[in-house]
Amino acid sequence: MLYFESLETFLNAGRDTLLKGPIGLIFVEDQIEVETTIRHHLDLGFRKLVVLAMPDVTISQGLGDRVVRVDYDVKADRAVCDAVNSVIRVSPGTWFYYCYNAEYLFYPFCEHRSVGEMTVFSTEERRESILTYVIDLYAGDLWEHPNAVSIDDAHLDKSGYYALARANPETNHPEERQLNFFGGLRWRFEEHVPQARRRIDRIGLFKAKPGLELRPDHTFNEPEYNTYSCPWHNNLTASICSFRTAKALKRNPGSTFDIETFRWHNSAPFDWHSQQLLDLGLMEPGQWF
């Protein structure tokens, strides 16, 4: 595993790492499920994984030469946007993916097809971004798993997801082929979630190009990147299965005592397989057969 003491050092000395993708950027906020996150994405076939983590986070040295460790203050204001945009500027043409620790990418048939095959397919379809839905995961038993994280006891909501038109802030008219998606824990416990953070859509995979910038709301300054499909047919979408919201709700003193369980009548054990997400309508294969 390569190591760089800062993002600036990495972009100066290790930028050759970013010239051929797909590249995964993993932002590590705490020590929870760091290695399972890395190993999951290595198994998907990312050419390199750049792990940006607080200096005090411990990461195993035995993860292989496809992992690059960069010390970075992930909790700083605009930390993710600044890092992603810095990477975009030095590597136009490269496909990137970004997530946090305890988040796991799934796309249709990912058990048999690599992430590289998916980005090539998307490029052939003249798509430079892939919409992902952040699907909340949570431990079924919060007494046994007080931080709400359990790989073996993971659950998800099998219904309760919806979309609303995304209005242009200048004209107040709906944006073409753009929607705001909601559901999961951010919907069920919305009184504990700031309004600006209730959406579950994220442009999780994208192709870098000059002038492209990620914004704090997980959209880009290029409108076409924020669309769910092209004009002529449905496109592939993916899911990022995430313990992040559950962690935050149980860590926050303002919500933890109000939540004895995340389970409800529409909870289901998570199978850790793309077919379950397809069956629930939480991602779309498009023309990806």
# chains A, B, ... in the order shown; residues from 1 in each chain; ligands from 1
$ select_by_dssp --residues "range 80-142 of chain A" --states "strand (DSSP E)" --output "list in words"
Trp95, Phe96, Tyr97, Tyr98, Cys99, Tyr100, Glu103, Tyr104, Leu105, Phe106, Ser129, Ile130, Leu131, Thr132, Tyr133, Val134, Ile135, Asp136, Leu137, Tyr138 and Ala139 of chain A
$ closest_atom_pairs --of "range 98-152 of chain A" --to "range 159-183 of chain A" --cutoff "9 Å" --atoms "only C-alpha atoms" --output "tab-separated table"
residue	atom	partner	partner_atom	distance
A:Tyr133	CA	A:Phe181	CA	7.9
A:Ile135	CA	A:Gly183	CA	8.2
A:Asp136	CA	A:Gly183	CA	8.7
$ residues_around --residues "Ser267 in chain A" --least-positions-apart "4" --cutoff "7 Å" --atoms "only C-alpha atoms" --output "CSV table (one decimal) with N, CA, C and O atoms, in the first residue's frame"
chain,number,residue,atom,x,y,z
A,155,HIS,N,-29.9,-4.8,7.7
A,155,HIS,CA,-31.3,-4.7,7.2
A,155,HIS,C,-31.4,-3.4,6.3
A,155,HIS,O,-30.6,-2.5,6.5
A,156,LEU,N,-32.4,-3.4,5.5
A,156,LEU,CA,-32.8,-2.2,4.7
A,156,LEU,C,-34.3,-2.1,4.6
A,156,LEU,O,-35.0,-3.0,4.9
A,157,ASP,N,-34.7,-0.9,4.2
A,157,ASP,CA,-36.1,-0.7,3.9
A,157,ASP,C,-36.5,-1.3,2.5
A,157,ASP,O,-35.8,-0.9,1.6
A,158,LYS,N,-37.5,-2.1,2.5
A,158,LYS,CA,-37.9,-2.6,1.1
A,158,LYS,C,-39.0,-1.8,0.4
A,158,LYS,O,-39.3,-2.0,-0.7
A,263,ARG,N,-35.9,-1.0,12.9
A,263,ARG,CA,-36.7,-2.0,12.2
A,263,ARG,C,-38.2,-1.5,12.3
A,263,ARG,O,-38.6,-1.0,13.3
$ select_by_dssp --residues "range 50-264 of chain A" --states "alpha helix (DSSP H)" --output "PyMOL selection string"
chain A and resi 79-90+115-124+184-188+244-251+253-256
$ residues_around --residues "range 268-273 of chain A" --least-positions-apart "2" --cutoff "10 Å" --atoms "only C-alpha atoms" --output "VMD selection string"
chain A and resid 104 106 to 111 137 to 140 151 to 159 241 263 to 266 275 to 278
$ write_last_selection --atoms "N, CA, C and O atoms" --output "mmCIF file, in the first residue's frame"
data_model
loop_
_atom_site.group_PDB
_atom_site.id
_atom_site.type_symbol
_atom_site.label_atom_id
_atom_site.label_comp_id
_atom_site.auth_asym_id
_atom_site.auth_seq_id
_atom_site.Cartn_x
_atom_site.Cartn_y
_atom_site.Cartn_z
ATOM 1 N N TYR A 104 -21.104 0.594 0.500
ATOM 2 C CA TYR A 104 -20.767 -0.510 -0.390
ATOM 3 C C TYR A 104 -21.521 -0.356 -1.711
ATOM 4 O O TYR A 104 -22.754 -0.345 -1.736
ATOM 5 N N PHE A 106 -23.163 -1.386 -5.152
ATOM 6 C CA PHE A 106 -23.759 -2.505 -5.880
ATOM 7 C C PHE A 106 -24.331 -1.955 -7.177
ATOM 8 O O PHE A 106 -24.934 -0.879 -7.200
ATOM 9 N N TYR A 107 -24.143 -2.687 -8.261
ATOM 10 C CA TYR A 107 -24.746 -2.334 -9.539
ATOM 11 C C TYR A 107 -25.288 -3.618 -10.159
ATOM 12 O O TYR A 107 -24.934 -4.733 -9.706
ATOM 13 N N PRO A 108 -26.163 -3.544 -11.146
ATOM 14 C CA PRO A 108 -26.765 -4.761 -11.691
ATOM 15 C C PRO A 108 -25.728 -5.778 -12.134
ATOM 16 O O PRO A 108 -24.811 -5.455 -12.895
ATOM 17 N N PHE A 109 -25.859 -6.982 -11.609
ATOM 18 C CA PHE A 109 -25.007 -8.131 -11.976
ATOM 19 C C PHE A 109 -23.544 -7.909 -11.584
ATOM 20 O O PHE A 109 -22.631 -8.441 -12.220
ATOM 21 N N CYS A 110 -23.312 -7.148 -10.497
ATOM 22 C CA CYS A 110 -21.933 -6.858 -10.093
ATOM 23 C C CYS A 110 -21.186 -8.090 -9.613
ATOM 24 O O CYS A 110 -19.953 -8.077 -9.530
ATOM 25 N N GLU A 111 -21.912 -9.172 -9.326
ATOM 26 C CA GLU A 111 -21.236 -10.408 -8.916
ATOM 27 C C GLU A 111 -20.477 -11.045 -10.073
ATOM 28 O O GLU A 111 -19.586 -11.880 -9.854
ATOM 29 N N LEU A 137 -28.542 1.111 5.303
ATOM 30 C CA LEU A 137 -28.436 -0.157 6.013
ATOM 31 C C LEU A 137 -28.405 0.132 7.509
ATOM 32 O O LEU A 137 -27.957 1.200 7.935
ATOM 33 N N TYR A 138 -28.872 -0.830 8.304
ATOM 34 C CA TYR A 138 -28.860 -0.657 9.759
ATOM 35 C C TYR A 138 -28.898 -2.022 10.423
ATOM 36 O O TYR A 138 -29.444 -2.994 9.870
ATOM 37 N N ALA A 139 -28.302 -2.094 11.589
ATOM 38 C CA ALA A 139 -28.330 -3.341 12.351
ATOM 39 C C ALA A 139 -29.747 -3.619 12.832
ATOM 40 O O ALA A 139 -30.462 -2.710 13.253
ATOM 41 N N GLY A 140 -30.134 -4.884 12.787
ATOM 42 C CA GLY A 140 -31.462 -5.252 13.250
ATOM 43 C C GLY A 140 -31.623 -5.139 14.750
ATOM 44 O O GLY A 140 -32.715 -4.863 15.247
ATOM 45 N N ILE A 151 -22.460 -6.134 9.722
ATOM 46 C CA ILE A 151 -22.439 -6.782 8.407
ATOM 47 C C ILE A 151 -23.342 -8.017 8.407
ATOM 48 O O ILE A 151 -24.076 -8.266 7.438
ATOM 49 N N ASP A 152 -23.329 -8.777 9.499
ATOM 50 C CA ASP A 152 -24.078 -10.028 9.559
ATOM 51 C C ASP A 152 -25.557 -9.825 9.869
ATOM 52 O O ASP A 152 -26.372 -10.713 9.597
ATOM 53 N N ASP A 153 -25.918 -8.683 10.441
ATOM 54 C CA ASP A 153 -27.305 -8.421 10.839
ATOM 55 C C ASP A 153 -27.839 -7.171 10.128
ATOM 56 O O ASP A 153 -28.657 -6.435 10.671
ATOM 57 N N ALA A 154 -27.370 -6.951 8.898
ATOM 58 C CA ALA A 154 -27.761 -5.744 8.163
ATOM 59 C C ALA A 154 -29.186 -5.864 7.639
ATOM 60 O O ALA A 154 -29.596 -6.914 7.132
ATOM 61 N N HIS A 155 -29.931 -4.778 7.747
ATOM 62 C CA HIS A 155 -31.297 -4.676 7.224
ATOM 63 C C HIS A 155 -31.414 -3.436 6.348
ATOM 64 O O HIS A 155 -30.614 -2.505 6.455
ATOM 65 N N LEU A 156 -32.445 -3.418 5.512
ATOM 66 C CA LEU A 156 -32.763 -2.248 4.700
ATOM 67 C C LEU A 156 -34.267 -2.106 4.589
ATOM 68 O O LEU A 156 -35.015 -3.043 4.900
ATOM 69 N N ASP A 157 -34.714 -0.945 4.182
ATOM 70 C CA ASP A 157 -36.143 -0.727 3.929
ATOM 71 C C ASP A 157 -36.483 -1.251 2.544
ATOM 72 O O ASP A 157 -35.823 -0.895 1.565
ATOM 73 N N LYS A 158 -37.531 -2.059 2.455
ATOM 74 C CA LYS A 158 -37.907 -2.607 1.147
ATOM 75 C C LYS A 158 -38.956 -1.751 0.440
ATOM 76 O O LYS A 158 -39.330 -2.047 -0.696
ATOM 77 N N SER A 159 -39.437 -0.695 1.088
ATOM 78 C CA SER A 159 -40.366 0.242 0.446
ATOM 79 C C SER A 159 -40.233 1.593 1.142
ATOM 80 O O SER A 159 -39.480 1.749 2.106
ATOM 81 N N CYS A 241 -25.012 1.020 -0.743
ATOM 82 C CA CYS A 241 -25.647 0.560 0.492
ATOM 83 C C CYS A 241 -24.814 1.048 1.671
ATOM 84 O O CYS A 241 -23.630 0.715 1.776
ATOM 85 N N ARG A 263 -35.858 -1.025 12.926
ATOM 86 C CA ARG A 263 -36.709 -1.973 12.219
ATOM 87 C C ARG A 263 -38.172 -1.537 12.278
ATOM 88 O O ARG A 263 -38.629 -0.974 13.266
ATOM 89 N N TRP A 264 -38.895 -1.816 11.184
ATOM 90 C CA TRP A 264 -40.333 -1.557 11.104
ATOM 91 C C TRP A 264 -40.935 -2.619 10.202
ATOM 92 O O TRP A 264 -40.249 -3.573 9.798
ATOM 93 N N HIS A 265 -42.215 -2.506 9.882
ATOM 94 C CA HIS A 265 -42.878 -3.590 9.149
ATOM 95 C C HIS A 265 -42.355 -3.741 7.728
ATOM 96 O O HIS A 265 -42.576 -4.784 7.092
ATOM 97 N N ASN A 266 -41.647 -2.740 7.206
ATOM 98 C CA ASN A 266 -41.086 -2.845 5.860
ATOM 99 C C ASN A 266 -39.578 -3.069 5.868
ATOM 100 O O ASN A 266 -38.912 -2.821 4.859
ATOM 101 N N GLN A 275 -29.231 -8.815 -6.905
ATOM 102 C CA GLN A 275 -30.567 -9.223 -7.330
ATOM 103 C C GLN A 275 -31.643 -8.708 -6.376
ATOM 104 O O GLN A 275 -32.741 -8.338 -6.804
ATOM 105 N N GLN A 276 -31.343 -8.689 -5.082
ATOM 106 C CA GLN A 276 -32.317 -8.169 -4.130
ATOM 107 C C GLN A 276 -32.627 -6.699 -4.411
ATOM 108 O O GLN A 276 -33.778 -6.277 -4.387
ATOM 109 N N LEU A 277 -31.599 -5.918 -4.722
ATOM 110 C CA LEU A 277 -31.798 -4.496 -5.007
ATOM 111 C C LEU A 277 -32.555 -4.299 -6.314
ATOM 112 O O LEU A 277 -33.403 -3.398 -6.426
ATOM 113 N N LEU A 278 -32.293 -5.149 -7.294
ATOM 114 C CA LEU A 278 -33.053 -5.099 -8.542
ATOM 115 C C LEU A 278 -34.517 -5.452 -8.309
ATOM 116 O O LEU A 278 -35.422 -4.789 -8.821
#
